[in-house]
Amino acid sequence: MSKTITIKIFNPAGEFIGVWENAVFKSFTKKLNSGMGDCTIVLGKEFEWEDSTLRENNEVQIYVSDKDTTTLVNGERKIYSGYITDYVPIIDGGKENITVNVLGYHTKLSQDIYKNGKTVVIQKTAEDVGIIAKNIIDRYQAENANAKLYYTDYSVINTRTTATYEFIQNYYLDAINTTLGMSPADYFWYVDENNLFYFRDRPSTATHEFIFGKDFKSIKINHSMGKIYNALLLSAPDVIAGDLLKLYTDENSIDLYGRRIYKITDNNITDVTTADLVGNNFIENNKNPVISVEIEILDNNFDNSFGYDIENISPGDTCLFRGFTAETSDLLGDNMLITSVNYTLDKVSVTIQPSKSGLINLVVLNKKGLEEINNSKEPTYTT
């Protein structure tokens, strides 16, 4: 069966406007602790073409129809949704087209401040970290008209860890990343093609089984100690019990790779319990070398005896491999986390991490690390 795409356009309120005919896209990437990446669509239209579908902030939904979607509603599956950020009419010699750039809706979390009405200081006191994540999305929905993001009881779960934290003029994205930093190891967040927000741990059993020689023919495994941090010096000046300066370490990692310290100053941690959540989670996620596996999986619509249903592979899924020696299988493990999927119509490039390394998002931590500790106090740290 042939494989076709349909690109549907909706206005910001979610009302269907039309379908783009004679439109193509090359690829897009979807990532863990993120969502649908940028997607460039080329419309085979004249330079001066105008239409209600071609407006900034309109919603773009991409659907695929193939042999794997015949039992689904309308025989199609949504693989992408996002909003138009800009478009560029082009004349190149005798050729005319319009290039449209689209971003996933998770990027809007970085465009507004986490607030409740006019209140931009939000105190979270002794709440499960999963509930804190829900509260952030709840406020985003309440403060933004036509907010697309939502969650379910399955997509956001309680972490069974309790934290106290003060969010002060945080972007929603920074608030979510900070909340992730207070979660147990192996937790992640993700916004899928339906704009469903996930905040949970990896599945306990493999979501996919990939067979070497059938689903893929090449594999690359990268080992790196460049992102190891086996010691964290955490400064929390506003802890209720007084200034906190604490060193978190993993001695086994230090023995193997040497001491590799990261430094964070966070003025919004208000108790030692939350500081310990941040410190211990950071060490657990960053104490080991990063092992990343890259494979290219072909789509199964072009050869009945080869390939995989690539539209069914998403970040946050887990996988195992068949067809290797016992030694290689032991190295890779049996429940590896998929962290990135670069999608094209005929194949996907998938990045997988067998270990816990690298799950923690360092964007917010890097910002906090730029804040210098007040050395005039001549502080000493505790362990």
# chains A, B, ... in the order shown; residues from 1 in each chain; ligands from 1
call {"tool": "residues_around", "arguments": {"residues": "Phe282 of chain A", "least_positions_apart": "6", "cutoff": "9 Å", "atoms": "only C-alpha atoms", "output": "ChimeraX atom specification"}}
result
/A:181-182,185,229-232,248,360
call {"tool": "residues_around", "arguments": {"residues": "Ala145 of chain A", "least_positions_apart": "4", "cutoff": "12 Å", "atoms": "only C-alpha atoms", "output": "PDB file with C-alpha atoms, in the first residue's frame"}}
result
ATOM      1  CA  PRO A  12      -6.149  29.226  16.751  1.00  0.00           C
ATOM      2  CA  ALA A  13      -9.563  28.433  18.232  1.00  0.00           C
ATOM      3  CA  GLY A  14      -9.382  24.915  16.752  1.00  0.00           C
ATOM      4  CA  ARG A 139      -2.353  27.444  35.408  1.00  0.00           C
ATOM      5  CA  TYR A 140      -1.111  27.491  31.799  1.00  0.00           C
ATOM      6  CA  GLN A 141      -4.571  26.431  30.609  1.00  0.00           C
ATOM      7  CA  LEU A 149      -1.777  21.253  26.115  1.00  0.00           C
TER       8      LEU A 149
END
call {"tool": "closest_residue", "arguments": {"among": "A:Leu32, A:Ile7, A:Val293, A:Ala275", "to": "Val64 of chain A", "atoms": "only C-alpha atoms"}}
result
A:Ile7
call {"tool": "closest_residue", "arguments": {"among": "A:Asp38, A:Leu180, A:Asp309, A:Val156", "to": "Lys347 of chain A", "atoms": "only C-alpha atoms"}}
result
A:Asp309
call {"tool": "closest_atom_pairs", "arguments": {"of": "segment 117-211 of chain A", "to": "segment 257-268 of chain A", "cutoff": "10 Å", "atoms": "only C-alpha atoms", "output": "Markdown table"}}
result
| residue | atom | partner | partner_atom | distance |
| --- | --- | --- | --- | --- |
| A:Gln123 | CA | A:Asn268 | CA | 9.3 |
| A:Thr164 | CA | A:Asn268 | CA | 9.1 |
| A:Tyr165 | CA | A:Asn268 | CA | 6.0 |
| A:Glu166 | CA | A:Asn268 | CA | 5.0 |
| A:Phe167 | CA | A:Asn268 | CA | 6.6 |
| A:Ile168 | CA | A:Asn268 | CA | 7.6 |
call {"tool": "write_last_selection", "arguments": {"atoms": "C-alpha atoms", "output": "short mmCIF file (atom, residue, chain, number, x, y, z; two decimals), in the first residue's frame"}}
result
data_model
loop_
_atom_site.label_atom_id
_atom_site.label_comp_id
_atom_site.auth_asym_id
_atom_site.auth_seq_id
_atom_site.Cartn_x
_atom_site.Cartn_y
_atom_site.Cartn_z
CA GLN A 123 4.48 28.71 46.62
CA THR A 164 8.46 22.46 48.78
CA TYR A 165 9.43 25.11 46.27
CA GLU A 166 8.81 28.77 45.52
CA PHE A 167 8.39 29.67 41.85
CA ILE A 168 9.19 33.35 41.30
#
call {"tool": "select_by_dssp", "arguments": {"residues": "segment 41-222 of chain A", "states": "strand (DSSP E or B)", "output": "VMD selection string"}}
result
chain A and resid 41 to 43 59 to 65 77 to 92 95 to 103 113 116 119 121 to 128 150 156 162 to 168 171 187 to 191 196 to 201 208 to 212 216 to 222
call {"tool": "write_last_selection", "arguments": {"atoms": "C-alpha atoms", "output": "tab-separated table (two decimals), in the first residue's frame"}}
result
chain	number	residue	atom	x	y	z
A	41	ILE	CA	6.59	22.66	4.87
A	42	VAL	CA	6.91	23.76	1.26
A	43	LEU	CA	3.69	24.76	-0.50
A	59	GLU	CA	-2.60	25.16	13.78
A	60	VAL	CA	-1.02	22.60	11.43
A	61	GLN	CA	-1.82	18.90	11.81
A	62	ILE	CA	-0.07	16.27	9.69
A	63	TYR	CA	-1.67	12.86	9.12
A	64	VAL	CA	-0.33	9.67	7.54
A	65	SER	CA	-2.32	6.99	5.76
A	77	ARG	CA	-2.95	8.71	12.07
A	78	LYS	CA	-1.85	12.12	13.30
A	79	ILE	CA	1.95	12.35	13.44
A	80	TYR	CA	2.49	16.06	14.09
A	81	SER	CA	0.76	19.18	15.35
A	82	GLY	CA	2.11	22.68	15.77
A	83	TYR	CA	1.54	26.32	14.96
A	84	ILE	CA	2.75	28.53	12.09
A	85	THR	CA	5.51	30.86	13.25
A	86	ASP	CA	6.35	32.43	9.88
A	87	TYR	CA	6.10	31.87	6.13
A	88	VAL	CA	8.27	32.97	3.23
A	89	PRO	CA	7.05	33.35	-0.38
A	90	ILE	CA	9.99	32.64	-2.74
A	91	ILE	CA	10.75	33.23	-6.40
A	92	ASP	CA	13.85	31.44	-7.62
A	95	LYS	CA	10.13	28.52	-9.67
A	96	GLU	CA	7.68	29.83	-7.08
A	97	ASN	CA	6.72	28.36	-3.71
A	98	ILE	CA	5.99	29.29	-0.12
A	99	THR	CA	8.05	27.94	2.77
A	100	VAL	CA	6.13	27.60	6.05
A	101	ASN	CA	7.82	27.11	9.42
A	102	VAL	CA	5.94	25.30	12.18
A	103	LEU	CA	6.80	24.68	15.85
A	113	ILE	CA	5.21	33.44	32.97
A	116	ASN	CA	-2.11	33.04	38.98
A	119	THR	CA	0.51	36.78	41.17
A	121	VAL	CA	5.18	34.14	43.07
A	122	ILE	CA	3.65	30.68	43.49
A	123	GLN	CA	4.48	28.71	46.62
A	124	LYS	CA	4.26	24.92	46.52
A	125	THR	CA	4.27	23.51	50.02
A	126	ALA	CA	4.72	19.81	50.74
A	127	GLU	CA	3.11	18.53	47.53
A	128	ASP	CA	3.83	15.46	45.46
A	150	TYR	CA	-3.61	18.86	28.41
A	156	VAL	CA	1.00	12.61	34.59
A	162	THR	CA	7.11	15.51	48.28
A	163	ALA	CA	8.74	18.87	47.62
A	164	THR	CA	8.46	22.46	48.78
A	165	TYR	CA	9.43	25.11	46.27
A	166	GLU	CA	8.81	28.77	45.52
A	167	PHE	CA	8.39	29.67	41.85
A	168	ILE	CA	9.19	33.35	41.30
A	171	TYR	CA	8.48	30.78	32.59
A	187	TYR	CA	11.26	10.63	35.13
A	188	PHE	CA	10.77	12.73	32.01
A	189	TRP	CA	8.30	15.10	30.40
A	190	TYR	CA	7.10	15.17	26.81
A	191	VAL	CA	4.34	16.70	24.64
A	196	LEU	CA	-0.85	15.44	25.45
A	197	PHE	CA	1.58	16.41	28.22
A	198	TYR	CA	3.48	13.55	29.88
A	199	PHE	CA	5.27	13.75	33.23
A	200	ARG	CA	6.10	10.25	34.37
A	201	ASP	CA	8.72	7.52	34.57
A	208	HIS	CA	9.12	-1.98	21.17
A	209	GLU	CA	11.23	-4.94	20.08
A	210	PHE	CA	13.62	-4.15	17.24
A	211	ILE	CA	15.22	-7.05	15.34
A	212	PHE	CA	18.66	-6.62	13.81
A	216	PHE	CA	17.28	-2.14	11.11
A	217	LYS	CA	20.68	-3.03	9.63
A	218	SER	CA	23.12	-0.67	11.35
A	219	ILE	CA	23.76	0.46	14.90
A	220	LYS	CA	26.15	2.96	16.48
A	221	ILE	CA	26.94	3.00	20.21
A	222	ASN	CA	28.65	6.07	21.67
call {"tool": "residues_around", "arguments": {"residues": "Ile297 of chain A", "least_positions_apart": "2", "cutoff": "7 Å", "atoms": "only C-alpha atoms", "output": "list of chain:residue names"}}
result
A:Asp215, A:Phe216, A:Ile295, A:Asp299, A:Gly307, A:Tyr308, A:Lys347, A:Val348, A:Ser349
call {"tool": "atom_distance", "arguments": {"atom1": "atom CA of Lys45 of chain A", "atom2": "atom CA of Val24 of chain A"}}
result
11.6 Å
call {"tool": "atom_distance", "arguments": {"atom1": "atom CA of Lys227 of chain A", "atom2": "atom CA of Ile283 of chain A"}}
result
11.6 Å
call {"tool": "closest_residue", "arguments": {"among": "A:Ala147, A:Ile228, A:Ala236, A:Leu298", "to": "Asn285 of chain A", "atoms": "only C-alpha atoms"}}
result
A:Ile228
call {"tool": "residues_around", "arguments": {"residues": "Asn342 of chain A", "least_positions_apart": "2", "cutoff": "9 Å", "atoms": "only C-alpha atoms", "output": "MDAnalysis selection string"}}
result
chainID A and resid 27:31 340 344 347:351
call {"tool": "closest_residue", "arguments": {"among": "A:Ile352, A:Val73, A:Leu234, A:Ile313", "to": "Val278 of chain A", "atoms": "only C-alpha atoms"}}
result
A:Leu234
call {"tool": "residues_around", "arguments": {"residues": "Leu256 of chain A", "least_positions_apart": "6", "cutoff": "12 Å", "atoms": "only C-alpha atoms", "output": "ChimeraX atom specification"}}
result
/A:225,228,230,250,287-289
call {"tool": "write_last_selection", "arguments": {"atoms": "C-alpha atoms", "output": "PDB file, in the first residue's frame"}}
result
ATOM      1  CA  MET A 225      32.270  10.626  30.053  1.00  0.00           C
ATOM      2  CA  ILE A 228      29.551  12.969  33.990  1.00  0.00           C
ATOM      3  CA  ASN A 230      29.460  12.832  40.301  1.00  0.00           C
ATOM      4  CA  ASP A 250      28.736   9.297  44.401  1.00  0.00           C
ATOM      5  CA  LYS A 287      27.092   9.927  37.737  1.00  0.00           C
ATOM      6  CA  ASN A 288      27.643   7.458  34.882  1.00  0.00           C
ATOM      7  CA  PRO A 289      29.097   7.793  31.379  1.00  0.00           C
TER       8      PRO A 289
END
call {"tool": "closest_residue", "arguments": {"among": "A:Leu54, A:Ala175, A:Met36, A:Val129", "to": "Leu109 of chain A", "atoms": "only C-alpha atoms"}}
result
A:Ala175
call {"tool": "atom_distance", "arguments": {"atom1": "atom CA of Thr70 of chain A", "atom2": "atom CA of Asp346 of chain A"}}
result
17.9 Å
call {"tool": "closest_residue", "arguments": {"among": "A:Ile269, A:Thr107, A:Ser305, A:Val120", "to": "Asp243 of chain A", "atoms": "only C-alpha atoms"}}
result
A:Ile269
call {"tool": "residues_around", "arguments": {"residues": "Ile136 of chain A", "least_positions_apart": "2", "cutoff": "10 Å", "atoms": "only C-alpha atoms", "output": "list of chain:residue names"}}
result
A:Tyr114, A:Lys115, A:Ile122, A:Ile131, A:Ile132, A:Ala133, A:Lys134, A:Asp138, A:Arg139, A:Tyr140, A:Gln141, A:Ala142, A:Tyr172, A:Leu173, A:Ala175, A:Ile176, A:Thr179
